Each structure stands twice: as C-alpha cells, then as structure tokens.
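**Student:** File follows, coords_17.cif with mmCIF, C-alpha atoms:
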data_entry
loop_
_atom_site.label_atom_id
_atom_site.label_comp_id
_atom_site.auth_asym_id
_atom_site.auth_seq_id
_atom_site.Cartn_x
_atom_site.Cartn_y
_atom_site.Cartn_z
CA MET S 1 0.66 -8.49 6.10
CA GLU S 2 2.12 -9.18 9.52
CA ALA S 3 3.77 -12.07 11.30
CA SER S 4 3.38 -11.02 14.92
CA ASP S 5 1.68 -13.14 17.54
CA ASP S 6 0.03 -11.72 20.64
CA THR S 7 2.09 -12.81 23.64
CA GLU S 8 1.36 -12.51 27.37
CA GLU S 9 3.93 -11.88 30.08
CA PRO S 10 7.59 -12.13 28.98
CA PRO S 11 8.61 -15.75 29.62
CA LEU S 12 11.79 -16.89 31.36
CA PRO S 13 14.96 -16.37 29.28
CA LEU S 14 15.27 -20.09 28.50
CA ALA S 15 11.58 -20.78 27.90
CA LEU S 16 10.85 -22.56 24.59
CA THR S 17 7.85 -20.32 23.81
CA ARG S 18 10.16 -17.32 23.54
CA PHE S 19 11.71 -18.95 20.47
CA GLN S 20 8.48 -20.27 18.88
CA VAL S 21 9.49 -23.79 19.87
CA SER S 22 6.59 -26.05 20.84
CA GLU S 23 6.55 -28.26 23.96
CA GLU S 24 4.74 -30.90 21.88
CA PHE S 25 6.16 -30.42 18.38
CA GLY S 26 9.60 -28.88 18.89
CA PHE S 27 10.69 -26.94 15.80
CA LEU S 28 7.74 -28.23 13.75
CA LEU S 29 5.02 -25.67 13.11
CA PRO S 30 2.14 -26.85 15.36
CA ASP S 31 -0.98 -27.69 13.32
CA PRO S 32 -0.10 -25.83 10.10
CA LEU S 33 -2.89 -24.31 8.03
CA THR S 34 -3.76 -26.25 4.88
CA GLU S 35 -5.61 -23.50 2.97
CA LEU S 36 -4.94 -19.80 2.40
CA PRO S 37 -7.69 -17.13 2.45
CA ALA S 38 -9.89 -16.92 -0.66
CA PRO S 39 -7.90 -14.15 -2.45
CA TYR S 40 -4.99 -16.61 -2.78
CA GLY S 41 -7.01 -19.26 -4.60
CA PRO S 42 -4.84 -18.92 -7.77
CA TRP S 43 -1.75 -19.92 -5.77
CA MET S 44 -3.47 -22.85 -4.06
CA ASP S 45 -4.97 -24.14 -7.33
CA ILE S 46 -1.51 -24.36 -8.89
CA ALA S 47 0.12 -25.73 -5.71
CA HIS S 48 -2.36 -28.59 -5.37
CA GLY S 49 -1.70 -29.69 -8.96
CA LEU S 50 2.09 -29.31 -8.98
CA PRO S 51 3.19 -32.89 -9.76
CA GLN S 52 0.83 -33.13 -12.76
CA LEU S 53 1.62 -29.62 -14.01
CA ILE S 54 5.38 -30.26 -13.81
CA MET S 55 5.31 -33.71 -15.39
CA SER S 56 3.09 -32.47 -18.25
CA HIS S 57 5.39 -29.45 -18.78
CA GLN S 58 2.48 -27.04 -18.14
CA LEU S 59 3.55 -25.35 -14.90
CA ARG S 60 5.49 -22.49 -16.48
CA SER S 61 2.60 -21.49 -18.71
CA ARG S 62 0.20 -21.66 -15.72
CA VAL S 63 2.52 -19.41 -13.72
CA HIS S 64 2.68 -16.90 -16.58
CA GLN S 65 -1.14 -16.67 -16.49
CA MET S 66 -1.23 -16.26 -12.70
CA PRO S 67 -2.33 -12.85 -11.38
CA GLN S 68 0.18 -10.90 -9.29
CA LEU S 69 -1.44 -10.96 -5.87
CA SER S 70 -0.86 -8.55 -3.02
CA THR S 71 0.46 -10.13 0.18
CA GLN S 72 -1.33 -7.60 2.41
CA HIS S 73 -4.22 -9.96 3.21
CA LEU S 74 -1.92 -12.53 4.88
CA ARG S 75 -2.26 -12.50 8.66
CA GLY S 76 -0.15 -14.24 11.29
CA ARG S 77 2.75 -16.63 10.94
CA GLU S 78 0.62 -19.67 10.03
CA GLU S 79 -0.76 -17.98 6.90
CA LEU S 80 2.69 -16.64 6.04
CA HIS S 81 4.30 -20.07 6.47
CA LEU S 82 1.72 -21.71 4.22
CA ALA S 83 2.14 -18.94 1.62
CA HIS S 84 5.92 -19.44 1.77
CA LEU S 85 5.57 -23.21 1.36
CA VAL S 86 3.20 -22.80 -1.59
CA LEU S 87 5.33 -20.17 -3.38
CA SER S 88 8.52 -22.15 -2.65
CA CYS S 89 7.15 -25.32 -4.24
CA ILE S 90 5.78 -23.42 -7.24
CA THR S 91 9.20 -21.77 -7.65
CA MET S 92 11.11 -25.08 -7.51
CA GLY S 93 8.75 -26.57 -10.07
CA TYR S 94 9.03 -23.51 -12.29
CA VAL S 95 12.84 -23.45 -12.22
CA TRP S 96 13.40 -27.20 -12.68
CA GLN S 97 10.40 -28.22 -14.84
CA GLU S 98 12.66 -29.02 -17.81
CA GLY S 99 15.50 -30.52 -15.77
CA GLU S 100 19.02 -29.21 -15.31
CA GLU S 101 19.58 -28.33 -18.94
CA GLY S 102 16.33 -26.34 -19.13
CA ALA S 103 16.65 -24.35 -15.89
CA VAL S 104 15.35 -20.77 -16.15
CA GLN S 105 17.41 -17.68 -15.36
CA VAL S 106 14.49 -15.43 -14.34
CA LEU S 107 11.62 -15.95 -11.92
CA PRO S 108 8.66 -13.91 -13.26
CA ARG S 109 7.47 -10.85 -11.36
CA ASN S 110 4.02 -12.22 -10.50
CA LEU S 111 5.70 -15.02 -8.55
CA ALA S 112 8.95 -13.34 -7.48
CA VAL S 113 7.50 -10.18 -5.86
CA PRO S 114 4.97 -11.79 -3.50
CA TYR S 115 7.47 -14.57 -2.75
CA TRP S 116 10.08 -12.01 -1.76
CA GLU S 117 7.59 -10.09 0.43
CA VAL S 118 6.47 -13.22 2.29
CA SER S 119 10.11 -14.27 2.73
CA GLN S 120 11.01 -10.87 4.19
CA ALA S 121 8.06 -11.02 6.62
CA LEU S 122 9.18 -14.44 7.90
CA GLY S 123 12.91 -13.79 7.82
CA LEU S 124 13.39 -16.76 5.48
CA PRO S 125 15.18 -16.87 2.11
CA PRO S 126 13.09 -17.08 -1.09
CA ILE S 127 13.78 -20.76 -1.79
CA LEU S 128 12.35 -24.07 -0.59
CA SER S 129 14.06 -24.95 2.70
CA HIS S 130 13.74 -27.48 5.52
CA ALA S 131 11.58 -24.91 7.36
CA ASP S 132 9.01 -25.11 4.55
CA PHE S 133 9.11 -28.60 3.15
CA VAL S 134 9.32 -30.44 6.49
CA LEU S 135 8.49 -28.18 9.44
CA ALA S 136 5.41 -26.52 7.90
CA ASN S 137 4.27 -29.18 5.42
CA TRP S 138 2.21 -31.66 7.45
CA ARG S 139 -1.40 -32.29 8.32
CA ARG S 140 -3.42 -34.97 10.05
CA LYS S 141 -5.01 -37.17 7.40
CA ASP S 142 -7.54 -38.70 9.81
CA PRO S 143 -8.50 -38.63 13.51
CA SER S 144 -6.26 -41.63 14.29
CA GLY S 145 -3.23 -39.41 13.75
CA ASN S 146 -1.99 -40.58 10.33
CA LEU S 147 -0.01 -37.81 8.66
CA ASP S 148 0.16 -36.45 5.15
CA THR S 149 1.93 -33.61 3.36
CA ILE S 150 0.07 -30.40 2.49
CA ILE S 151 1.93 -29.58 -0.74
CA THR S 152 3.81 -32.13 -2.81
CA LEU S 153 6.16 -32.26 -5.78
CA PRO S 154 6.91 -35.09 -8.26
CA GLY S 155 7.95 -38.35 -6.64
CA GLY S 156 4.65 -39.85 -5.47
CA GLU S 157 4.79 -42.04 -2.37
CA SER S 158 8.60 -41.76 -2.14
CA LEU S 159 8.36 -37.97 -1.93
CA ARG S 160 5.67 -38.23 0.73
CA GLY S 161 7.75 -40.79 2.64
CA PHE S 162 10.86 -38.60 2.46
CA VAL S 163 9.04 -35.60 3.95
CA LEU S 164 7.17 -37.53 6.64
CA VAL S 165 10.11 -39.65 7.85
CA THR S 166 12.20 -36.46 8.12
CA LEU S 167 9.32 -34.84 10.00
CA LEU S 168 9.12 -37.81 12.40
CA VAL S 169 12.88 -37.49 13.07
CA GLU S 170 12.16 -33.87 14.10
CA LYS S 171 9.28 -35.08 16.31
CA ALA S 172 11.51 -37.72 17.94
CA ALA S 173 13.94 -34.92 18.88
CA VAL S 174 11.37 -33.05 21.02
CA PRO S 175 12.30 -34.65 24.38
CA GLY S 176 15.93 -33.79 23.57
CA ILE S 177 15.04 -30.15 22.89
CA LYS S 178 13.28 -29.97 26.25
CA ALA S 179 16.27 -31.68 27.85
CA ILE S 180 18.50 -28.81 26.62
CA ILE S 181 16.42 -26.38 28.68
CA GLY S 182 16.52 -28.73 31.67
CA ALA S 183 20.28 -29.17 31.41
CA LEU S 184 21.07 -25.46 31.16
CA ARG S 185 18.82 -24.65 34.12
CA ALA S 186 20.37 -27.48 36.14
CA ILE S 187 23.86 -26.08 35.47
CA LEU S 188 22.76 -22.64 36.74
CA GLN S 189 21.27 -24.23 39.84
CA CYS S 190 24.19 -26.66 40.36
CA ASP S 191 21.63 -29.47 40.43
CA GLU S 192 23.65 -32.50 39.35
CA GLU S 193 20.78 -34.96 39.72
CA THR S 194 18.53 -32.99 37.35
CA LEU S 195 21.44 -32.49 34.96
CA HIS S 196 22.11 -36.23 34.88
CA ARG S 197 18.44 -36.92 34.12
CA ALA S 198 18.42 -34.27 31.35
CA LEU S 199 21.48 -35.84 29.70
CA GLN S 200 19.84 -39.27 29.78
CA GLU S 201 16.72 -37.80 28.15
CA LEU S 202 18.86 -36.13 25.48
CA ALA S 203 20.71 -39.37 24.67
CA GLU S 204 17.42 -41.29 24.45
CA ALA S 205 15.98 -38.68 22.09
CA ILE S 206 18.99 -38.85 19.75
CA GLU S 207 18.83 -42.66 19.79
CA ALA S 208 15.11 -42.45 18.92
CA MET S 209 15.93 -40.12 16.01
CA SER S 210 18.29 -42.77 14.58
CA GLU S 211 15.56 -45.41 14.88
CA VAL S 212 13.10 -43.22 12.97
CA LEU S 213 15.67 -42.41 10.28
CA ARG S 214 15.93 -46.15 9.53
CA ARG S 215 12.34 -46.01 8.29
CA MET S 216 13.54 -44.04 5.25
CA HIS S 217 14.35 -47.40 3.62
CA ASP S 218 10.73 -48.55 3.99
CA TYR S 219 9.15 -45.53 2.33
CA VAL S 220 11.61 -43.98 -0.13
CA ASP S 221 12.80 -45.62 -3.35
CA PRO S 222 16.46 -44.60 -4.00
CA GLU S 223 15.99 -44.42 -7.77
CA VAL S 224 12.89 -42.21 -7.46
CA PHE S 225 14.66 -40.01 -4.92
CA TYR S 226 17.73 -39.51 -7.08
CA THR S 227 16.20 -39.27 -10.56
CA VAL S 228 12.92 -37.49 -9.76
CA ILE S 229 12.80 -35.85 -6.33
CA ARG S 230 16.30 -34.53 -5.76
CA ILE S 231 16.37 -31.86 -8.43
CA PHE S 232 13.35 -30.11 -6.90
CA LEU S 233 15.28 -29.74 -3.63
CA SER S 234 18.31 -28.24 -5.42
CA GLY S 235 19.18 -24.59 -5.14
CA TRP S 236 21.03 -22.06 -7.26
CA LYS S 237 24.15 -21.56 -5.16
CA ASP S 238 27.20 -23.79 -5.74
CA ASN S 239 25.20 -25.62 -8.42
CA PRO S 240 26.93 -25.96 -11.82
CA ALA S 241 23.49 -26.21 -13.50
CA MET S 242 22.77 -22.58 -12.44
CA PRO S 243 26.20 -20.97 -12.02
CA HIS S 244 24.84 -17.40 -12.05
CA GLY S 245 21.93 -17.83 -9.65
CA LEU S 246 18.38 -16.65 -10.35
CA ILE S 247 16.97 -13.20 -11.12
CA TYR S 248 13.87 -12.43 -9.04
CA GLU S 249 12.08 -10.10 -11.46
CA GLY S 250 10.74 -6.95 -9.81
CA VAL S 251 12.98 -7.55 -6.78
CA SER S 252 16.54 -7.26 -8.11
CA GLN S 253 18.12 -6.86 -11.52
CA GLU S 254 21.10 -8.91 -10.33
CA PRO S 255 20.81 -12.69 -9.92
CA MET S 256 20.68 -14.03 -6.37
CA ALA S 257 22.06 -17.38 -5.22
CA TYR S 258 20.46 -19.53 -2.52
CA SER S 259 21.23 -23.05 -1.33
CA GLY S 260 18.68 -25.82 -1.73
CA GLY S 261 17.05 -27.77 1.08
CA SER S 262 19.44 -29.62 3.37
CA ALA S 263 19.35 -31.59 6.61
CA ALA S 264 21.99 -29.07 7.73
CA GLN S 265 19.13 -26.54 7.95
CA SER S 266 17.52 -28.50 10.80
CA THR S 267 17.83 -26.50 14.02
CA VAL S 268 17.84 -29.70 16.09
CA LEU S 269 21.41 -30.80 15.31
CA HIS S 270 22.78 -27.27 15.62
CA ALA S 271 21.21 -27.03 19.09
CA PHE S 272 22.65 -30.39 20.17
CA ASP S 273 26.10 -29.46 18.84
CA GLU S 274 26.10 -26.17 20.77
CA LEU S 275 24.96 -27.81 24.00
CA LEU S 276 27.59 -30.57 23.77
CA GLY S 277 30.35 -28.15 22.72
CA ILE S 278 31.04 -29.92 19.41
CA CYS S 279 33.56 -27.86 17.38
CA HIS S 280 33.57 -28.61 13.65
CA HIS S 281 36.47 -27.92 11.28
CA GLU S 282 36.56 -24.53 9.60
CA ASP S 283 35.02 -25.40 6.21
CA SER S 284 32.26 -27.55 7.69
CA ALA S 285 31.56 -25.00 10.42
CA ALA S 286 31.30 -22.21 7.84
CA PHE S 287 28.75 -24.19 5.78
CA LEU S 288 26.72 -25.10 8.88
CA HIS S 289 26.76 -21.49 10.01
CA ARG S 290 25.49 -20.35 6.62
CA MET S 291 22.67 -22.91 6.85
CA ARG S 292 21.39 -21.07 9.93
CA ASP S 293 20.23 -18.30 7.57
CA TYR S 294 17.66 -20.82 6.28
CA MET S 295 16.07 -21.32 9.72
CA PRO S 296 13.19 -19.25 11.11
CA PRO S 297 14.95 -16.37 12.90
CA LEU S 298 13.74 -17.31 16.39
CA HIS S 299 14.98 -20.89 15.93
CA ARG S 300 18.36 -19.48 14.97
CA ALA S 301 18.20 -17.28 18.09
CA PHE S 302 17.55 -20.39 20.19
CA VAL S 303 20.80 -21.96 18.94
CA GLU S 304 22.67 -18.71 19.63
CA GLU S 305 21.24 -18.62 23.17
CA ILE S 306 22.62 -22.11 23.84
CA GLN S 307 25.97 -21.02 22.41
CA ARG S 308 26.09 -18.13 24.91
CA ALA S 309 25.13 -20.27 27.91
CA GLU S 310 27.60 -21.69 30.41
CA SER S 311 29.53 -24.62 28.90
CA LEU S 312 27.98 -27.99 29.71
CA LYS S 313 31.22 -29.78 28.86
CA GLN S 314 33.26 -27.60 31.20
CA HIS S 315 30.69 -28.08 33.95
CA VAL S 316 30.85 -31.86 33.57
CA LEU S 317 34.68 -31.82 33.52
CA SER S 318 34.98 -29.60 36.58
CA SER S 319 32.37 -31.60 38.51
CA GLY S 320 34.57 -34.70 38.44
CA ASP S 321 31.33 -36.69 38.53
CA ALA S 322 31.80 -40.04 36.72
CA ARG S 323 28.02 -40.48 36.25
CA LEU S 324 27.73 -37.07 34.58
CA ARG S 325 30.72 -37.83 32.36
CA ALA S 326 29.20 -41.16 31.28
CA ALA S 327 25.82 -39.52 30.56
CA PHE S 328 27.53 -36.75 28.57
CA ASN S 329 29.54 -39.27 26.56
CA ARG S 330 26.39 -41.28 25.84
CA CYS S 331 24.90 -38.13 24.23
CA VAL S 332 28.01 -37.57 22.11
CA SER S 333 28.11 -41.25 21.14
CA ALA S 334 24.42 -41.20 20.15
CA LEU S 335 24.97 -38.09 18.02
CA THR S 336 28.03 -39.71 16.38
CA ASP S 337 25.97 -42.82 15.61
CA PHE S 338 23.16 -40.69 14.16
CA ARG S 339 25.62 -38.96 11.84
CA SER S 340 27.20 -42.28 10.85
CA TYR S 341 23.79 -43.64 9.96
CA HIS S 342 23.00 -40.49 7.97
CA ILE S 343 26.13 -41.26 5.90
CA THR S 344 24.75 -44.78 5.27
CA VAL S 345 21.45 -43.29 4.05
CA VAL S 346 23.20 -40.75 1.81
CA THR S 347 25.41 -43.51 0.36
CA LYS S 348 22.32 -45.47 -0.67
CA TYR S 349 20.21 -42.55 -1.91
CA ILE S 350 22.91 -40.50 -3.63
CA THR S 351 26.21 -42.33 -4.26
CA ILE S 352 24.86 -45.71 -5.31
CA ALA S 353 21.84 -44.12 -7.02
CA ALA S 354 24.16 -41.68 -8.87
CA ALA S 355 26.30 -44.55 -10.14
CA LYS S 356 23.22 -46.37 -11.43
CA ALA S 357 21.92 -43.18 -13.00
CA LYS S 358 25.28 -42.51 -14.66
CA ALA S 359 25.24 -45.98 -16.17
CA GLY S 360 21.71 -45.39 -17.42
CA ARG S 361 22.36 -41.93 -18.86
CA ALA S 362 23.90 -43.37 -21.98
CA GLU S 363 20.67 -45.18 -22.84
CA PRO S 364 18.88 -43.63 -25.83
CA SER S 365 15.53 -43.66 -24.02
CA ALA S 366 16.64 -40.89 -21.62
CA ARG S 367 14.73 -37.71 -22.46
CA ALA S 368 15.33 -34.20 -21.15
CA GLY S 369 13.60 -33.00 -18.00
CA PRO S 370 12.41 -34.75 -14.87
CA SER S 371 9.25 -35.95 -16.58
CA GLY S 372 11.38 -37.83 -19.07
CA GLY S 373 13.25 -39.49 -16.23
CA LYS S 374 16.66 -38.10 -17.19
CA PRO S 375 18.67 -38.18 -13.98
CA PRO S 376 20.43 -35.01 -12.80
CA SER S 377 24.22 -34.90 -12.96
CA ALA S 378 25.26 -31.43 -11.74
CA LEU S 379 25.14 -32.39 -8.06
CA GLU S 380 26.45 -35.96 -8.24
CA ALA S 381 29.12 -35.33 -5.60
CA LYS S 382 27.24 -32.62 -3.72
CA GLY S 383 24.26 -32.30 -1.43
CA THR S 384 21.22 -30.26 -2.45
CA GLY S 385 22.54 -27.54 -0.13
CA GLY S 386 25.69 -27.36 -2.27
CA SER S 387 28.19 -28.98 0.11
CA HIS S 388 30.70 -31.63 -1.02
CA ILE S 389 28.59 -34.22 0.63
CA PHE S 390 30.88 -37.01 1.81
CA SER S 391 33.84 -34.96 2.96
CA PHE S 392 31.34 -32.74 4.81
CA LEU S 393 29.33 -35.55 6.45
CA LYS S 394 32.42 -37.52 7.47
CA SER S 395 34.07 -34.40 8.84
CA ILE S 396 31.13 -33.48 11.08
CA ARG S 397 30.74 -37.11 12.20
CA ASP S 398 34.44 -37.32 13.12
CA THR S 399 34.49 -33.99 14.99
CA THR S 400 31.37 -35.09 16.86
CA ARG S 401 33.18 -38.24 18.02
CA GLU S 402 36.12 -36.08 19.14
CA GLY S 403 33.73 -34.31 21.53
CA MET S 404 33.83 -37.28 23.94
CA ILE S 405 35.30 -36.65 27.40
CA SER S 406 38.14 -39.11 27.94
CA ALA S 407 38.37 -40.88 31.29
#
How would this structure read if it were set down as structure tokens?

**Tutor:**
Amino acid sequence: MEASDDTEEPPLPLALTRFQVSEEFGFLLPDPLTELPAPYGPWMDIAHGLPQLIMSHQLRSRVHQMPQLSTQHLRGREELHLAHLVLSCITMGYVWQEGEEGAVQVLPRNLAVPYWEVSQALGLPPILSHADFVLANWRRKDPSGNLDTIITLPGGESLRGFVLVTLLVEKAAVPGIKAIIGALRAILQCDEETLHRALQELAEAIEAMSEVLRRMHDYVDPEVFYTVIRIFLSGWKDNPAMPHGLIYEGVSQEPMAYSGGSAAQSTVLHAFDELLGICHHEDSAAFLHRMRDYMPPLHRAFVEEIQRAESLKQHVLSSGDARLRAAFNRCVSALTDFRSYHITVVTKYITIAAAKAKAGRAEPSARAGPSGGKPPSALEAKGTGGSHIFSFLKSIRDTTREGMISA
C-alpha cells in the first residue's frame, strides 16, 4: 500500500501541482476512481447498498460478516481516497444506524484496522470528512457532464444535492485559488497591474461561490437534511451523544474522538483568509486550526505556505494605490457576504429545522433511529464538526468584515 505519485522536475515553490491542487479542479480530486480492485469487493458491495442497509437496520450485521481485508493491494492516492471514502461511509452508517441513543462504543476490528491503515497512508483522520464526502465523492454520470456521487448515505435526492452543491462551490473557487498564486508572484515581482487583476479574479470567484451556494435551496429539503442526513455527518468529539469517543478495535484500547464533517474543513476558505490576512478571534481560530487536521496534508501545507508568504495586506497598504485597495476590499467584502449567506443557509437547515423537529419529537409516532425518522437532538446548537454554530459563524463573519482596509 502506497500513496506516492511519480513526479518530474521539482516545480516552482508556489506551483499548485506541488500541493496536489489541480488547475482545473482545485482541491477536488480530479476524476476519482469509482471502483476498487477486485479483492475489495466486500467493501464495495456494502458501500453501494448503504442507504438500504442502514434504513433496514442490517448494516451492523453485514459489517460483522465482512472479512478483514489487507490494505496492501491498494496502489496510489486515487485507490486510497476511494477506500477511505468507502470505509468512512460504512463507519458512519455503522455508528449511527440506530440513531443517537443507539450509537456504538466500539468499531469492530475488521473495519477499524484497514480504516486506520488507509487513514495513516493518506494523512487523514479515520472519520468521514469534507475531503472524502465532497472532494473525492463525485463522478460524471454521462458525457454531457452531469455529476453524481460515488457513495451515498440515507437522504435520497437531498443528500445527493447537498454533496453536489458543496462540490460545485469548491469548483467555483478554482479561479480564486489560481489567483492566490498570481497575487503572491505579483507581490514578489512588484507587478501592481498583475496583482490588481489577480484580486479582481479572486473577488469574482468568491462571488461565484455565493451564487452556487444559493442552489442549496433548490436541491436540499431542510427537514430531510436535519432529521435524516445530519446525524451521518456527526462525529464523536464534542458530541453529547458519544461523550467518550469511539474505540477502534485492534488499533487502540482507548477511545478516540474525532470531529464530524464541516465546511470549516474546506481548504478554500482557509487559503483565502491567509491571503487576505483575516485574523479570527482566539476560540474560532483554534477550532479552524484544528479543522486543518482533517485536510489532505498537502492542502494543509498549501495554506501554511500562503501564511508564510509576504503579507498582501501590508503590500497594498504600503503601495498607497487606491485601485489596489479597492480591489482588496472587494475580496474581503465578497468573503464577508459569502459567510453571511452561509449563516442564512445554516439558519434554515439547522435552527428552523431543529425547532420543527423539537416540536415533532413529542409525537408518539417518533421511533428510535434514523430509519424511524426520530430527529437528532444532541447537536441542536452545534455544527457537525462540534462547534457552537452561530457564535462561531457570526464571529468569523464579523472578523472577516474587520479585515477591510479603511480609506
């Protein structure tokens, strides 16, 4: 089992390829594999039937019958990423099959050991993250370019819509990612014209991301998201439903705690924050920094490279160039607007949905487990990553706005 890729000459320090970032797809995995080699058929068989197995309460028994497979036949990062996606989704289904009240304490050895090995090879934690469920979970459904997910969980079309709209937000960010490289090079070369153009491209990319995010309303039903989908994105750190974490049998005798999937795990916004010199308050910054552990290591290194680069904000300030200042402020304003709109989305899909679910929980028809439609309650005020969602989102939105350069 190895994750290395053959590379040619060492690229320039700021080249995207050095960080496994694609010119066309950004942080998305370009053309992910959709099938693993034949020895991993038992994993794929379960993964392709996950929604039905979970809703019929049969997944845990299927996992118990699963052979413990060696990971040594996995080659290259594409196979490893697909294996990680598959094992992540099986794990989330296994843990949450019976809802919050029926969460397991132990992940069985035949799942935990290979999952841990694949995670170690990729430098990712053994839990479903943004890197799996969005970046590596897409395929072309037909030649005209329509997209679909590779692996799915309960939630039907809303689940598919949630993944694909999030993926398209990542895709919309690509010109902005390339603009980061252009901006940093322009600073080094004192090329103000190129820098101005790069900042315009960055602002346009962030504005395009906001436009794509609006499509969430067209494809994702808030009730389905809150009562069915959300639990399968929840982790076992800062989650009252699993206060002690999860034991990965055959890996550690002590329970381990990992955060669930979160938009805060997207490398895009971290990269934009570092370029624009946005400084978040201590608690928010600490959470965001911890979320970097859920990124592919080279994506995390990309953010750190931007952090080490010469300050864009200082360059713009010292230039005294009004056009540069206006272009910089447009980027900050666009990022503030994106974060404001994200708060609007979260209000609809979590706060309002949670209130409706709370009102419905008293109804006698509510049965235990996601398949019975009983809505989760442990994370009502928190994100799936474990943050106190509104104080966190408003804090990072407000500190983004404070990043504007005043006239």

**Student:** Please expand the PyMOL selection byres ((chain S and resi 52-65) around 9) into the concrete residues it hits in this file, giving the result as a PyMOL selection string.

**Tutor:** chain S and resi 46+49-51+66-67+90+93-98+108+110-111+153-154+369-372

**Student:** Using all atoms listed in the file, pick whichever of S:Leu128, S:Asn329, S:Thr267, S:Phe287 has the shortest atom-to-atom distance to S:His388.

**Tutor:**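 Under the stated criterion, the closest residue is S:Phe287.
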
**Student:** If you measure from atom CA of S:Tyr226 to atom CA of S:Tyr349, what distance in Å do you get, rounded to one decimal?

**Tutor:**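 Separating atom CA of S:Tyr226 from atom CA of S:Tyr349 is a distance of 6.5 Å.
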
**Student:** Pick the closest to S:Arg397 from S:Ala354, S:Cys279, S:Ile306, S:Gly123: which is it, counting all atoms listed in the file?

**Tutor:**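 Closest candidate: S:Cys279.
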
**Student:** Care to translate the PyMOL selection byres ((chain S and resi 233) around 7) into actual residues of this file, as a PyMOL selection string?

**Tutor:** chain S and resi 230-232+234-235+260-261+384

**Student:** Under the rule that all atoms listed in the file are counted, which of S:Ala103, S:Val165, S:Val346, S:Ala131 is the nearest residue to S:Pro243?

**Tutor:**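 Once distances to S:Pro243 are computed over all atoms listed in the file, the minimum belongs to S:Ala103.
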
**Student:** What would the selection look like, as a ChimeraX atom specification, if the PyMOL selection byres ((chain S and resi 197-210) around 7) were run on the coordinates I just shared?

**Tutor:** /S:169,172-173,175-176,179,182-183,193-196,211-214,327-328,330-331,334-335,338

**Student:** For a quick check of understanding, using all atoms listed in the file, which of S:Ala47, S:Met291, S:Val118, S:Ile151 has the smallest distance to S:His130?

**Tutor:**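 Between S:Ala47, S:Met291, S:Val118, S:Ile151, the residue approaching S:His130 most closely is S:Met291.
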
**Student:** Between atom CA of S:Ser22 and atom CA of S:Lys178, what is the distance, to one decimal in Å?

**Tutor:**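 Distance reported for this atom pair: 9.5 Å.
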
**Student:** Counting all atoms listed in the file, find residues at most 9 Å from (23.1, -43.2, -8.2) (file frame) and give them as a PyMOL selection string.

**Tutor:** chain S and resi 222-223+226-227+347-359+375+380

**Student:** Skip S:Ala112 itself and residues of its chain fewer than 5 positions away, then list as a list in words all residues within 9 Å of it, counting all atoms listed in the file.

**Tutor:** Leu87, Thr91, Leu107, Glu117, Pro126, Ile247, Tyr248, Glu249, Gly250 and Val251 of chain S

**Student:** Hey, what's within 12 Å of S:Gln314 if we count all atoms listed in the file and toss same-chain stuff fewer than 3 positions away? As a list in words, please?

**Tutor:**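 Here the answer would be Ile187, Leu275, Leu276, Gly277, Ala309, Glu310, Ser311, Leu317, Ser318, Ser319, Gly320, Asp321, Leu324, Arg325, Phe328, Gly403 and Ile405 of chain S.
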
**Student:** Under the rule that all atoms listed in the file are counted, which of S:Val224, S:Ile278, S:Leu298, S:Leu80 is the nearest residue to S:Asp398?

**Tutor:**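 Between S:Val224, S:Ile278, S:Leu298, S:Leu80, the residue approaching S:Asp398 most closely is S:Ile278.
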
**Student:** Calculate, to one decimal in Å, the centre and edge lengths of the box along x, y and z of the file that holds all listed atoms of stretch 156-171 of chain S with 5 Å of margin on each side, and present them as lines of an AutoDock Vina configuration file.

**Tutor:**
center_x = 8.8
center_y = -38.0
center_z = 5.4
size_x = 18.2
size_y = 18.2
size_z = 31.8

**Student:** Nearest residue to S:Val268 out of S:Ile389, S:Ile177, S:Cys190, S:Val228, using only C-alpha atoms?

**Tutor:** S:Ile177

**Student:** Just the number, please: distance in Å from atom CA of S:Ser262 to atom CA of S:Glu23, one decimal.

**Tutor:**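 Atom CA of S:Ser262 sits 24.3 Å away from atom CA of S:Glu23.
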